[in-house]
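To start, the structure under review is shown below, and the notes come after it.
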Amino acid sequence: MKKLLLGTVALIAIAGTASAADLRMPVKAPPVVAPVFSWTGCYIGGYVGGAWRADDGDTVYYDRLGVRATRGWGYSDDSSFIGGGTLGCNWQPVGSNWVLGLEGEIGYLSLEGSANDPSVLVVAPNYITASGKVGDWYGMITGRLGYAWDRALVYVKGGAAFVDTETTIAARVGANTFLASTSDTQATWTVGGGIEWAFDMNWSIKAEYMYIGVDQTHTVCGNGVAFATTDCFDTNVGGIHTAKIGLNYRFGGGAPVVARY
């Protein structure tokens, strides 16, 4: 009986010591859920910037029957404000720095220029004036390929562009006047690139350059009064440089992952 009592007391003492030791041991913190930045997601944005022509416009006056250019002259366009909106989606594979995207853009631009034929200025009041215009709108559908360093993204993009172009010839020959214009919406190509930085899980700013490959010739011919119907004018519309800054809002920014501390 005495031995049994001594054993029971010893067991109680050992259990108490173990419990006290457990209370002194640090408790491991639970996993912490923290957001990790990813470019994956769809976004909407706006931008402002400027546009200017790559080359001066030029007009050639020639006899269509003989296909003989009689004279030509050029004109330069003013630069233009541009502004509009974008809508797109990005995909960044998990664990990769590469970012793939598709983007649509629509905006305003208005490039205009005109010049008189210098060969008829000495015989005023006669004149021949050529003018060209690109605008008042344009659009793009482009693919994007970028490389990201966390919240910084450098990218190139390219695809299709749509621009509205118009040229006009206005003239006076003696007592006769002539006015003719042509317009067209051209589908062409565009290429460029930029840099984007996410200053928030959802918001980012960008700076971007794009070239629009406009290369179109408009032709108008005489009406048989001021000019013979075989007298024609070819006016060329050339490429466009654009530069812009923009602000994008990305839906569902940030991917929650488990980070252990």
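Residue numbering restarts at 1 for every chain of the structure tokens, chains are lettered A, B, ... in their displayed order, and ligands are numbered from 1 as they appear.
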
Residue set, range 14-222 of chain A restricted to alpha helix (DSSP H), as a ChimeraX atom specification: /A:14-24

Range 222-259 of chain A residues near range 65-81 of chain A within 12 Å, closest pair each, using only C-alpha atoms, as a tab-separated table:
```
residue	atom	partner	partner_atom	distance
A:Ala228	CA	A:Leu65	CA	10.7
A:Thr229	CA	A:Leu65	CA	9.7
A:Thr230	CA	A:Leu65	CA	6.1
A:Asp231	CA	A:Leu65	CA	8.3
A:Cys232	CA	A:Ala69	CA	9.5
A:Phe233	CA	A:Gly72	CA	9.1
A:Asp234	CA	A:Gly72	CA	9.2
A:Thr235	CA	A:Gly74	CA	9.1
A:Asn236	CA	A:Gly74	CA	9.4
A:Val237	CA	A:Asp77	CA	10.3
A:Gly238	CA	A:Asp77	CA	10.5
A:Gly239	CA	A:Asp77	CA	11.6
A:Ile240	CA	A:Ser79	CA	10.0
A:His241	CA	A:Ser79	CA	9.8
A:Thr242	CA	A:Ser80	CA	9.3
A:Ala243	CA	A:Phe81	CA	9.9
A:Lys244	CA	A:Phe81	CA	9.7
```

Export of the given selection (C-alpha atoms) as a compact mmCIF listing (two decimals), in the first residue's frame:
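In the end it all went to out04.txt:
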```
# COMPACT_ATOMS: atom_id res chain seq x y z
CA ALA A 228 -10.16 69.08 -118.01
CA THR A 229 -11.50 65.77 -116.78
CA THR A 230 -8.08 64.31 -117.58
CA ASP A 231 -6.36 66.75 -115.20
CA CYS A 232 -6.02 65.07 -111.81
CA PHE A 233 -4.48 65.62 -108.39
CA ASP A 234 -2.93 62.93 -106.21
CA THR A 235 -2.59 63.88 -102.52
CA ASN A 236 -0.65 61.55 -100.25
CA VAL A 237 -1.40 61.03 -96.54
CA GLY A 238 1.56 59.64 -94.55
CA GLY A 239 2.30 57.98 -91.21
CA ILE A 240 1.59 59.34 -87.73
CA HIS A 241 3.62 59.39 -84.52
CA THR A 242 1.73 59.40 -81.20
CA ALA A 243 2.92 59.75 -77.60
CA LYS A 244 0.70 59.53 -74.54
```

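Comparing A:Gly85, A:Gly213, A:Gly135, A:Gly224 by their smallest distance to Asp55 in chain A, the closest is A:Gly213 (using only C-alpha atoms).
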
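Taking only C-alpha atoms into account, Gly46 in chain A lies nearest to A:Ser204 out of the set A:Ser181, A:Thr219, A:Ser204, A:Asn116.
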
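Minimum atom-to-atom distance to Tyr108 in chain A, evaluated using only C-alpha atoms, belongs to A:Val163 out of A:Val163, A:Cys42, A:Leu153, A:Ile128.
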
DSSP strand (DSSP E or B) selection over range 75-184 of chain A, as a short mmCIF file (atom, residue, chain, number, x, y, z; two decimals) with N, CA and C atoms, in the first residue's frame:
```
data_model
loop_
_atom_site.label_atom_id
_atom_site.label_comp_id
_atom_site.auth_asym_id
_atom_site.auth_seq_id
_atom_site.Cartn_x
_atom_site.Cartn_y
_atom_site.Cartn_z
N TYR A 75 2.93 70.06 -98.23
CA TYR A 75 2.38 70.85 -97.12
C TYR A 75 2.63 70.09 -95.83
N SER A 80 -1.28 67.62 -83.13
CA SER A 80 -2.63 67.46 -82.61
C SER A 80 -2.61 66.92 -81.19
N PHE A 81 -3.54 67.39 -80.39
CA PHE A 81 -3.85 66.76 -79.11
C PHE A 81 -4.55 65.43 -79.39
N ILE A 82 -4.25 64.42 -78.58
CA ILE A 82 -5.01 63.17 -78.65
C ILE A 82 -5.49 62.81 -77.25
N GLY A 83 -6.60 62.13 -77.20
CA GLY A 83 -7.15 61.68 -75.93
C GLY A 83 -8.21 60.63 -76.17
N GLY A 84 -8.36 59.73 -75.23
CA GLY A 84 -9.36 58.68 -75.40
C GLY A 84 -9.31 57.66 -74.28
N GLY A 85 -9.78 56.45 -74.60
CA GLY A 85 -9.88 55.42 -73.59
C GLY A 85 -9.37 54.08 -74.09
N THR A 86 -9.03 53.20 -73.15
CA THR A 86 -8.55 51.86 -73.46
C THR A 86 -9.31 50.83 -72.63
N LEU A 87 -9.35 49.62 -73.17
CA LEU A 87 -9.95 48.49 -72.48
C LEU A 87 -9.14 47.26 -72.85
N GLY A 88 -8.68 46.51 -71.84
CA GLY A 88 -7.84 45.37 -72.16
C GLY A 88 -7.77 44.36 -71.05
N CYS A 89 -7.03 43.28 -71.31
CA CYS A 89 -6.82 42.21 -70.33
C CYS A 89 -5.37 41.74 -70.42
N ASN A 90 -4.79 41.41 -69.26
CA ASN A 90 -3.45 40.86 -69.17
C ASN A 90 -3.50 39.45 -68.56
N TRP A 91 -2.47 38.66 -68.87
CA TRP A 91 -2.30 37.36 -68.25
C TRP A 91 -0.83 37.15 -67.94
N TRP A 98 6.86 37.16 -67.59
CA TRP A 98 6.27 37.55 -68.86
C TRP A 98 4.78 37.83 -68.70
N VAL A 99 4.33 38.85 -69.44
CA VAL A 99 2.92 39.27 -69.38
C VAL A 99 2.39 39.35 -70.81
N LEU A 100 1.28 38.68 -71.07
CA LEU A 100 0.62 38.73 -72.37
C LEU A 100 -0.67 39.53 -72.23
N GLY A 101 -1.04 40.27 -73.28
CA GLY A 101 -2.23 41.08 -73.18
C GLY A 101 -2.87 41.37 -74.52
N LEU A 102 -4.11 41.81 -74.45
CA LEU A 102 -4.88 42.25 -75.62
C LEU A 102 -5.57 43.54 -75.23
N GLU A 103 -5.49 44.56 -76.11
CA GLU A 103 -5.98 45.89 -75.76
C GLU A 103 -6.70 46.55 -76.93
N GLY A 104 -7.80 47.22 -76.63
CA GLY A 104 -8.50 48.05 -77.59
C GLY A 104 -8.40 49.51 -77.17
N GLU A 105 -8.28 50.39 -78.15
CA GLU A 105 -8.12 51.82 -77.88
C GLU A 105 -8.93 52.62 -78.89
N ILE A 106 -9.60 53.65 -78.41
CA ILE A 106 -10.30 54.56 -79.32
C ILE A 106 -10.11 55.98 -78.81
N GLY A 107 -9.87 56.91 -79.73
CA GLY A 107 -9.57 58.27 -79.28
C GLY A 107 -9.76 59.30 -80.36
N TYR A 108 -9.44 60.52 -79.98
CA TYR A 108 -9.57 61.69 -80.86
C TYR A 108 -8.19 62.14 -81.31
N LEU A 109 -8.08 62.49 -82.60
CA LEU A 109 -6.92 63.24 -83.11
C LEU A 109 -7.37 64.01 -84.33
N SER A 110 -6.69 65.11 -84.63
CA SER A 110 -7.05 65.93 -85.78
C SER A 110 -5.80 66.60 -86.32
N LEU A 111 -5.24 66.01 -87.38
CA LEU A 111 -4.07 66.55 -88.03
C LEU A 111 -4.50 67.20 -89.35
N GLU A 112 -4.24 68.49 -89.51
CA GLU A 112 -4.66 69.21 -90.71
C GLU A 112 -3.52 70.05 -91.25
N GLY A 113 -3.47 70.18 -92.56
CA GLY A 113 -2.48 71.03 -93.21
C GLY A 113 -2.92 71.38 -94.62
N SER A 114 -2.39 72.48 -95.16
CA SER A 114 -2.73 72.90 -96.52
C SER A 114 -1.61 73.77 -97.08
N ALA A 115 -1.57 73.87 -98.41
CA ALA A 115 -0.58 74.72 -99.07
C ALA A 115 -1.05 75.02 -100.48
N ASN A 116 -0.70 76.20 -100.96
CA ASN A 116 -1.01 76.58 -102.33
C ASN A 116 0.06 76.05 -103.28
N TYR A 127 -5.54 80.32 -108.11
CA TYR A 127 -4.89 79.57 -107.04
C TYR A 127 -5.28 78.10 -107.15
N ILE A 128 -4.43 77.25 -106.60
CA ILE A 128 -4.74 75.84 -106.41
C ILE A 128 -4.26 75.50 -105.00
N THR A 129 -5.17 75.08 -104.15
CA THR A 129 -4.83 74.77 -102.76
C THR A 129 -5.14 73.31 -102.48
N ALA A 130 -4.16 72.63 -101.95
CA ALA A 130 -4.35 71.23 -101.51
C ALA A 130 -4.36 71.19 -100.00
N SER A 131 -5.27 70.43 -99.42
CA SER A 131 -5.31 70.28 -97.96
C SER A 131 -5.60 68.83 -97.62
N GLY A 132 -5.12 68.42 -96.46
CA GLY A 132 -5.33 67.06 -96.00
C GLY A 132 -5.68 67.04 -94.53
N LYS A 133 -6.40 66.03 -94.11
CA LYS A 133 -6.81 65.90 -92.72
C LYS A 133 -6.84 64.43 -92.32
N VAL A 134 -6.36 64.16 -91.12
CA VAL A 134 -6.50 62.84 -90.50
C VAL A 134 -7.28 63.04 -89.20
N GLY A 135 -8.37 62.36 -89.02
CA GLY A 135 -9.22 62.53 -87.83
C GLY A 135 -10.67 62.69 -88.29
N ASP A 136 -11.55 62.87 -87.37
CA ASP A 136 -11.41 63.28 -86.00
C ASP A 136 -11.33 62.12 -85.00
N TRP A 137 -11.20 60.93 -85.45
CA TRP A 137 -11.15 59.79 -84.55
C TRP A 137 -10.18 58.76 -85.10
N TYR A 138 -9.74 57.85 -84.22
CA TYR A 138 -8.96 56.70 -84.64
C TYR A 138 -9.17 55.57 -83.63
N GLY A 139 -8.83 54.37 -84.03
CA GLY A 139 -8.96 53.23 -83.13
C GLY A 139 -7.84 52.24 -83.35
N MET A 140 -7.59 51.40 -82.33
CA MET A 140 -6.56 50.36 -82.42
C MET A 140 -7.04 49.08 -81.74
N ILE A 141 -6.61 47.95 -82.27
CA ILE A 141 -6.74 46.66 -81.60
C ILE A 141 -5.36 46.03 -81.64
N THR A 142 -4.74 45.86 -80.47
CA THR A 142 -3.34 45.44 -80.43
C THR A 142 -3.12 44.33 -79.42
N GLY A 143 -2.08 43.57 -79.67
CA GLY A 143 -1.59 42.61 -78.69
C GLY A 143 -0.41 43.21 -77.95
N ARG A 144 -0.22 42.79 -76.69
CA ARG A 144 0.90 43.29 -75.88
C ARG A 144 1.75 42.12 -75.39
N LEU A 145 3.06 42.35 -75.37
CA LEU A 145 4.00 41.40 -74.78
C LEU A 145 4.93 42.19 -73.88
N GLY A 146 4.91 41.85 -72.58
CA GLY A 146 5.70 42.61 -71.64
C GLY A 146 6.54 41.74 -70.73
N TYR A 147 7.48 42.40 -70.06
CA TYR A 147 8.31 41.74 -69.05
C TYR A 147 8.22 42.56 -67.77
N ALA A 148 7.87 41.91 -66.67
CA ALA A 148 7.58 42.62 -65.43
C ALA A 148 8.66 42.38 -64.39
N TRP A 149 9.01 43.44 -63.69
CA TRP A 149 9.79 43.38 -62.46
C TRP A 149 8.85 43.82 -61.35
N ALA A 152 6.66 46.98 -62.02
CA ALA A 152 7.11 47.69 -63.22
C ALA A 152 7.00 46.76 -64.43
N LEU A 153 6.44 47.28 -65.51
CA LEU A 153 6.21 46.49 -66.72
C LEU A 153 6.70 47.25 -67.94
N VAL A 154 7.59 46.62 -68.71
CA VAL A 154 8.03 47.16 -69.99
C VAL A 154 7.43 46.29 -71.08
N TYR A 155 6.85 46.91 -72.11
CA TYR A 155 6.13 46.12 -73.10
C TYR A 155 6.26 46.68 -74.51
N VAL A 156 6.02 45.81 -75.48
CA VAL A 156 5.86 46.19 -76.88
C VAL A 156 4.44 45.80 -77.28
N LYS A 157 3.91 46.47 -78.28
CA LYS A 157 2.57 46.14 -78.74
C LYS A 157 2.45 46.45 -80.23
N GLY A 158 1.52 45.78 -80.86
CA GLY A 158 1.30 45.99 -82.28
C GLY A 158 0.01 45.34 -82.73
N GLY A 159 -0.51 45.80 -83.87
CA GLY A 159 -1.76 45.25 -84.37
C GLY A 159 -2.36 46.12 -85.45
N ALA A 160 -3.67 46.24 -85.42
CA ALA A 160 -4.42 46.97 -86.45
C ALA A 160 -4.83 48.34 -85.95
N ALA A 161 -4.84 49.31 -86.87
CA ALA A 161 -5.31 50.66 -86.56
C ALA A 161 -6.31 51.10 -87.62
N PHE A 162 -7.20 51.99 -87.22
CA PHE A 162 -8.25 52.50 -88.12
C PHE A 162 -8.27 54.01 -88.00
N VAL A 163 -8.10 54.69 -89.14
CA VAL A 163 -8.06 56.16 -89.14
C VAL A 163 -8.92 56.70 -90.27
N ASP A 164 -9.49 57.87 -90.03
CA ASP A 164 -10.32 58.55 -91.02
C ASP A 164 -9.47 59.61 -91.70
N THR A 165 -9.35 59.56 -93.04
CA THR A 165 -8.53 60.52 -93.79
C THR A 165 -9.38 61.25 -94.82
N GLU A 166 -8.97 62.49 -95.12
CA GLU A 166 -9.70 63.31 -96.10
C GLU A 166 -8.72 64.27 -96.78
N THR A 167 -8.88 64.45 -98.10
CA THR A 167 -8.09 65.45 -98.83
C THR A 167 -9.03 66.30 -99.69
N THR A 168 -8.63 67.53 -99.92
CA THR A 168 -9.45 68.48 -100.69
C THR A 168 -8.56 69.28 -101.64
N ILE A 169 -9.06 69.50 -102.83
CA ILE A 169 -8.44 70.41 -103.80
C ILE A 169 -9.42 71.55 -104.08
N ALA A 170 -8.99 72.78 -103.84
CA ALA A 170 -9.79 73.97 -104.14
C ALA A 170 -8.99 74.84 -105.10
N ALA A 171 -9.62 75.31 -106.17
CA ALA A 171 -8.88 76.05 -107.20
C ALA A 171 -9.76 77.11 -107.85
N ARG A 172 -9.07 78.10 -108.43
CA ARG A 172 -9.72 79.09 -109.28
C ARG A 172 -8.85 79.28 -110.50
N VAL A 173 -9.46 79.13 -111.67
CA VAL A 173 -8.77 79.32 -112.94
C VAL A 173 -9.59 80.30 -113.76
N ASN A 176 -13.50 80.51 -113.42
CA ASN A 176 -14.03 79.21 -113.00
C ASN A 176 -13.40 78.77 -111.68
N THR A 177 -14.20 78.09 -110.88
CA THR A 177 -13.71 77.55 -109.61
C THR A 177 -13.88 76.04 -109.60
N PHE A 178 -13.11 75.41 -108.75
CA PHE A 178 -13.13 73.95 -108.66
C PHE A 178 -12.97 73.57 -107.19
N LEU A 179 -13.81 72.65 -106.72
CA LEU A 179 -13.71 72.16 -105.35
C LEU A 179 -14.07 70.69 -105.35
N ALA A 180 -13.16 69.86 -104.88
CA ALA A 180 -13.42 68.42 -104.82
C ALA A 180 -12.69 67.83 -103.62
N SER A 181 -13.30 66.85 -103.00
CA SER A 181 -12.67 66.21 -101.85
C SER A 181 -12.97 64.72 -101.86
N THR A 182 -12.11 63.97 -101.21
CA THR A 182 -12.31 62.53 -101.04
C THR A 182 -12.02 62.17 -99.57
N SER A 183 -12.68 61.16 -99.09
CA SER A 183 -12.44 60.72 -97.71
C SER A 183 -12.55 59.20 -97.65
N ASP A 184 -11.90 58.63 -96.64
CA ASP A 184 -11.90 57.18 -96.50
C ASP A 184 -11.49 56.81 -95.08
#
```

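Closest to Glu208 in chain A among A:Ser38, A:Gly194, A:Ser96, A:Gly174 is A:Gly194, based on only C-alpha atoms.
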
Pairwise distance for CA of Phe37 in chain A and CA of Arg151 in chain A, rounded to one decimal in Å: 7.0 Å

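Of the residues listed (A:Asn223, A:Asn248, A:Thr188, A:Thr217), A:Asn248 shows the shortest atom-to-atom separation from Asp200 in chain A; distances use only C-alpha atoms.
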